[in-house]
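A.B. asks: Questions regarding the structure given below will be posed in turn.
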Amino acid sequence: MLEMKVFREDSKAVFENLKRRKMPDDIAKGVIQMDQEWRELIDEGNKLRSQRNRISREIGELKKKGKDGSDLLGEMAKIKKGLMGNESKTKETLASREEARMRVPNLLDSEVPQGQSEHDNRELSLHGKKKKTKTSRPHQEVMELVGGVDLKRAANVTGRRFYFLTGDLARLEMALINYAIDVLCERGYSLTIPPFMMNKEAYEGVVDLNDFEEVMYKIEDHDLYLIATSEHPLTSRFKNEIIEIKGEPLRYAGISTNFRREVGAHGMSDRGIWRVHQFAKVEQVIICKPEDSKKFHDELVANAIHIFKGLEIPFRVVDICTGDIGTVAARKFDLEAWMPSSQQWKEVVSASNCRSYQSVRLNMRYRTPEGTDFPHTLNATAIATTRALAAILENNQQADGSVVIPKVLRKWMGDQNLIKAK
RNA sequence: GCAGAGGUCGCUUAGCCUGGUAUAGCGCCGGCCUUGAAAGCCGGUGGGAAUUUCCCUCGGGGGUUCAAAUCCCUCCCUCUGCGCCA
């Protein structure tokens with residue numbers, strides 16, 4: 001969420017931002033109004049408390065001298081009554097203000113392209129060549145040909161959008177994970193295996209509130225949610241803490257299984273393993289000083305580009321527009337892999353600069369010479385296994401159904417260069 | 001899961017029994033001193049609202065009281081022991 005000082009000192013920026021996002025401004029107006037009320041209530045309460053403390057001290061003094069202070073008790077009762085009403089009103093007002101504040105989206109970077117939907121995202125660069133393949137079977141067909149997936153039985157034991165990944169494809173997934181981890185560790189990222197569940201309070205710090213209904217699975221009878229990405233625990237980790245950022249920022253490579261409800265999602269993307277309820281992902285997370293976040297956003301994208309270039313998959317980088325960027329990010333770049341079967345670019349990496357939007361909600365600060373300030377948080381995919389697998393299967397398939405294993409992955413595949421068709 | 005001991009300002013720590021402005025050290029920042037630095041000395045070092053004053057803050061929430069770090073209830077977490085377990 002946004003810092004209160006933005007609403008107080010620069011509300012124009014909030015409203016202009018809502019206009020760019022084509023969103024109504026009533027919630028933000030409510031925040032400002034409730035904040036005003038809250039401040040008046042605080043003032044009133046402080047005055048009452050001041051009186052209470054003064055009288056209480058007087059009674060203490062009198063008692064010390066062996067006297068009785070009971071004639072002050074009547075006045076005290078009046079103050080306490082006023083204070084009780086004031087305190088409950090103050091609490092309610094603050095709670096309402098905070099609830100509204102959480103719903104106000106992040107301020108967009110001025111360079112975010114204006115647009116309605118994903119069709120208006122701006123292409124920034126192209127990488128690799130689209131291979132001239134004689135076949136363009138969709139990835140789910142290729143998986144069947146190499147005997148690497150069992151969707152039917154997964155549907156029996158769990159439901160749709162789950163899968164058994166088997167044999168060489170399972171091995172390929174592990175290779176992708178190891179490859180991404182190697183790249184990031186070489187580049188100074190600290191590998192971190194987080195908890196795969198988080199409680200609501202921690203979760204509220206890092207996601208849009210709607211995600212509780214549409215994205216995360218709730219654990220029955222516990223205040224716990226399955227994580228949708230390791231970014232969430234990695235960023236929440238320093239909630240309510242003052243961290244030290246000396247020269248270098250905090251760089252993490254998170255690895256986890258991710259769980260997503262995918263409520264409302266449907267269409268062609270449902271086939272195979274493109275959109276599933278469970279997948280593994282290596283994630284990049286950076287926590288840095290505000291003045292450095294632009295630079296490190298570029299670093300995250302550069303890492304992802306390096307990883308996908310290594311896999312020799314054709315892809316492009318796009319700058320996500322105002323209509324497609326979501327609540328939390330101030331700027332977002334995606335990598336989209338070329339999918340021959342549908343002749344489309346499809347998202348395989350998403351890199352967001354959240355600025356202080358998450359750290360404010362988490363109350364995570366870092367030490368500055370003047371005191372403390374909110375750091376910026378950034379996250380980006382390194383490898384989301386199911387999507388990278390699908391891209392490899394489509395781009396590297398051969399006429400006979402076999403699949404060429406990208407060179408960089410072969411050392412984890414017993415030096416095989418091919419996944420043979422059954 | 002059971003029992004005991006704990007959780008105090010960035011870190012360490014006193015205060016809790018016996019209620020009355022949260023103690024000291026370390027670290028950090030500033031000043032004096034110095035050619036420079038260290039040491040030494042002095043001051044500062046959580047948050048909020050107002051503007052030079054006030055309020056809040058002792059793991060979270062609630063209660064008792066004129067007054068709660070201190071007493072009571074409850075929840076969370078840590079440590080130790082026991083139990084269970086890949």
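Labeling convention for the structure tokens: chains A, B, ... as they appear, residues from 1 per chain, ligands from 1 in order of appearance.
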Could the residues of chain A that have an atom at most 9 Å from chain B be listed as CSV, each with its closest atom pair and the distance in Å to one decimal, counting only C-alpha atoms (C1' of nucleotides) and ordered by chain and ascending residue number?
C.D. replies:
```
residue,atom,partner,partner_atom,distance
A:Arg39,CA,B:A49,C1',6.8
A:Glu40,CA,B:A49,C1',8.8
A:Ile42,CA,B:A49,C1',6.9
A:Asp43,CA,B:A49,C1',6.4
A:Gly45,CA,B:C55,C1',8.3
A:Asn46,CA,B:C55,C1',5.0
A:Lys47,CA,B:C54,C1',7.5
A:Arg49,CA,B:C55,C1',7.3
A:Ser50,CA,B:C54,C1',7.1
A:Arg52,CA,B:C66,C1',8.4
A:Asn53,CA,B:A67,C1',7.9
A:Ile55,CA,B:C66,C1',7.5
A:Ser56,CA,B:C66,C1',5.3
A:Arg57,CA,B:G20,C1',7.3
A:Ile59,CA,B:C66,C1',6.6
A:Gly60,CA,B:G20,C1',6.1
A:Glu61,CA,B:G20,C1',8.7
A:Gly69,CA,B:C66,C1',8.3
A:Ser70,CA,B:C66,C1',8.3
A:Leu72,CA,B:C66,C1',8.0
A:Leu73,CA,B:C66,C1',6.4
A:Met76,CA,B:C66,C1',7.0
A:Ala77,CA,B:C66,C1',8.9
A:Ile242,CA,B:G10,C1',7.9
A:Pro369,CA,B:C29,C1',7.6
A:Glu370,CA,B:C29,C1',8.6
```
A.B. asks: To one decimal place in Å, what is the distance between atom CA of Asn353 of chain A and atom CA of Met1 of chain A?
C.D. replies: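 Computed distance, atom CA of Asn353 of chain A to atom CA of Met1 of chain A, equals 13.7 Å.
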A.B. asks: Name the residues in contact with segment 76-80 of chain B at a cut-off of 8 Å, using only C-alpha atoms (C1' of nucleotides), excluding same-chain residues fewer than 3 positions from it; report them as a ChimeraX atom specification.
C.D. replies: /B:4-7,59-60
A.B. asks: Using N, CA and C atoms (P, O5', C5', C4', C3', O3' and C1' of nucleotides), can you export the residues from the last selection as a short mmCIF file (atom, residue, chain, number, x, y, z; two decimals), in the first residue's frame?
C.D. replies:
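File out-v8.cif, as written:
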```
data_model
loop_
_atom_site.label_atom_id
_atom_site.label_comp_id
_atom_site.auth_asym_id
_atom_site.auth_seq_id
_atom_site.Cartn_x
_atom_site.Cartn_y
_atom_site.Cartn_z
P G B 4 3.65 -26.37 34.18
"O5'" G B 4 5.20 -25.98 34.19
"C5'" G B 4 6.00 -26.23 35.35
"C4'" G B 4 7.45 -26.01 35.03
"C3'" G B 4 7.85 -24.59 34.66
"O3'" G B 4 8.02 -23.76 35.80
"C1'" G B 4 8.81 -26.09 33.11
P A B 5 7.80 -22.16 35.65
"O5'" A B 5 9.07 -21.69 34.80
"C5'" A B 5 10.38 -21.84 35.34
"C4'" A B 5 11.40 -21.40 34.32
"C3'" A B 5 11.20 -19.99 33.79
"O3'" A B 5 11.74 -19.02 34.66
"C1'" A B 5 11.57 -21.47 31.98
P G B 6 11.26 -17.48 34.53
"O5'" G B 6 12.01 -17.05 33.20
"C5'" G B 6 11.49 -16.06 32.38
"C4'" G B 6 12.14 -16.16 31.02
"C3'" G B 6 11.65 -15.12 30.03
"O3'" G B 6 12.40 -13.93 30.14
"C1'" G B 6 11.50 -17.25 29.06
P G B 7 11.70 -12.50 29.87
"O5'" G B 7 11.53 -12.54 28.30
"C5'" G B 7 12.67 -12.59 27.43
"C4'" G B 7 12.21 -12.40 26.00
"C3'" G B 7 11.55 -11.05 25.75
"O3'" G B 7 11.94 -10.52 24.49
"C1'" G B 7 10.05 -12.83 25.22
P G B 59 7.16 -7.63 26.11
"O5'" G B 59 6.57 -7.97 24.68
"C5'" G B 59 7.35 -7.79 23.51
"C4'" G B 59 6.69 -8.48 22.35
"C3'" G B 59 5.18 -8.28 22.27
"O3'" G B 59 4.84 -7.06 21.67
"C1'" G B 59 5.67 -10.56 22.07
P G B 60 3.51 -6.27 22.07
"O5'" G B 60 2.35 -7.15 21.42
"C5'" G B 60 2.17 -7.17 20.00
"C4'" G B 60 0.92 -7.92 19.65
"C3'" G B 60 -0.35 -7.48 20.39
"O3'" G B 60 -0.91 -6.31 19.83
"C1'" G B 60 -0.22 -9.82 20.41
#
```
A.B. asks: For Val206 of chain A, work out the shell of residues within 12 Å, counting only C-alpha atoms (C1' of nucleotides) and skipping chain neighbours fewer than 4 positions away, then give it as a VMD selection string.
C.D. replies: chain A and resid 1 102 198 to 202 210 to 212 227 to 239 327 to 329 354 to 364 377 to 379
A.B. asks: Keeping C-alpha atoms, export the residues of the selection given above as a PDB file, in the first residue's frame.
C.D. replies:
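Writing done, so here's out.pdb:
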```pdb
ATOM      1  CA  MET A   1       0.000   0.000   0.000  1.00  0.00           C
ATOM      2  CA  MET A 102      -4.948  -1.426   0.971  1.00  0.00           C
ATOM      3  CA  MET A 198       1.841 -18.399   5.052  1.00  0.00           C
ATOM      4  CA  ASN A 199      -0.628 -16.885   7.502  1.00  0.00           C
ATOM      5  CA  LYS A 200      -3.095 -14.220   6.431  1.00  0.00           C
ATOM      6  CA  GLU A 201      -1.400 -11.287   8.104  1.00  0.00           C
ATOM      7  CA  ALA A 202       1.901 -11.928   6.364  1.00  0.00           C
ATOM      8  CA  ASN A 210      -8.672 -10.190  -4.387  1.00  0.00           C
ATOM      9  CA  ASP A 211      -5.971 -12.853  -4.575  1.00  0.00           C
ATOM     10  CA  PHE A 212      -7.390 -14.458  -1.430  1.00  0.00           C
ATOM     11  CA  ILE A 227       1.978 -19.978  -1.405  1.00  0.00           C
ATOM     12  CA  ALA A 228       1.391 -18.941  -5.005  1.00  0.00           C
ATOM     13  CA  THR A 229       5.101 -18.156  -5.484  1.00  0.00           C
ATOM     14  CA  SER A 230       8.219 -18.108  -3.302  1.00  0.00           C
ATOM     15  CA  GLU A 231       8.279 -14.342  -3.815  1.00  0.00           C
ATOM     16  CA  HIS A 232       5.575 -14.110  -1.158  1.00  0.00           C
ATOM     17  CA  PRO A 233       7.424 -15.682   1.794  1.00  0.00           C
ATOM     18  CA  LEU A 234      10.745 -14.237   0.639  1.00  0.00           C
ATOM     19  CA  THR A 235       9.406 -10.693   0.695  1.00  0.00           C
ATOM     20  CA  SER A 236       7.297 -11.129   3.849  1.00  0.00           C
ATOM     21  CA  ARG A 237      10.270 -12.574   5.650  1.00  0.00           C
ATOM     22  CA  PHE A 238      11.406  -9.211   7.043  1.00  0.00           C
ATOM     23  CA  LYS A 239       7.969  -7.985   8.059  1.00  0.00           C
ATOM     24  CA  THR A 327      -2.366  -3.492  -8.334  1.00  0.00           C
ATOM     25  CA  VAL A 328       1.046  -4.064  -6.796  1.00  0.00           C
ATOM     26  CA  ALA A 329       3.633  -3.277  -9.478  1.00  0.00           C
ATOM     27  CA  CYS A 354       6.869  -2.975  -6.574  1.00  0.00           C
ATOM     28  CA  ARG A 355       8.745   0.042  -5.196  1.00  0.00           C
ATOM     29  CA  SER A 356       7.689   0.568  -1.554  1.00  0.00           C
ATOM     30  CA  TYR A 357       4.164  -0.784  -2.022  1.00  0.00           C
ATOM     31  CA  GLN A 358       4.953  -4.088  -0.287  1.00  0.00           C
ATOM     32  CA  SER A 359       7.435  -2.781   2.281  1.00  0.00           C
ATOM     33  CA  VAL A 360       4.947  -0.180   3.558  1.00  0.00           C
ATOM     34  CA  ARG A 361       2.277  -2.789   4.143  1.00  0.00           C
ATOM     35  CA  LEU A 362       4.825  -5.134   5.686  1.00  0.00           C
ATOM     36  CA  ASN A 363       6.311  -2.316   7.769  1.00  0.00           C
ATOM     37  CA  MET A 364       9.741  -3.400   6.575  1.00  0.00           C
ATOM     38  CA  THR A 377      11.038  -4.787  -3.427  1.00  0.00           C
ATOM     39  CA  LEU A 378      11.401  -6.435  -6.813  1.00  0.00           C
ATOM     40  CA  ASN A 379      10.645  -9.898  -8.065  1.00  0.00           C
TER      41      ASN A 379
END
```
A.B. asks: Would you work out the distance separating atom CA of Arg251 of chain A from atom CA of Ser190 of chain A, expressed in Å to one decimal?
C.D. replies: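 So the two atoms, atom CA of Arg251 of chain A and atom CA of Ser190 of chain A, lie 6.2 Å apart.
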A.B. asks: Based on the backbone DSSP call, show me all residues of segment 112-157 of chain A assigned strand (DSSP E or B), as an MDAnalysis selection string.
C.D. replies: chainID A and resid 122:127 149:150
A.B. asks: Between A:Arg367, A:Ser341, A:Gly264, A:Cys185, which has the minimum distance to Gln284 of chain A (counting only C-alpha atoms)?
C.D. replies: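 The shortest atom-to-atom distance to Gln284 of chain A comes from A:Cys185.
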A.B. asks: List every residue of segment 90-126 of chain A that DSSP, applied to the backbone of this structure, places in alpha helix (DSSP H), and write the result as a PyMOL selection string.
C.D. replies: chain A and resi 90-102
A.B. asks: Please identify all polymer residues within 8 Å of Gly254 of chain A, counting only C-alpha atoms (C1' of nucleotides), omitting same-chain residues fewer than 2 positions from it, and present them as a ChimeraX atom specification.
C.D. replies: /A:191-194,230-231,234,252,256,281-285
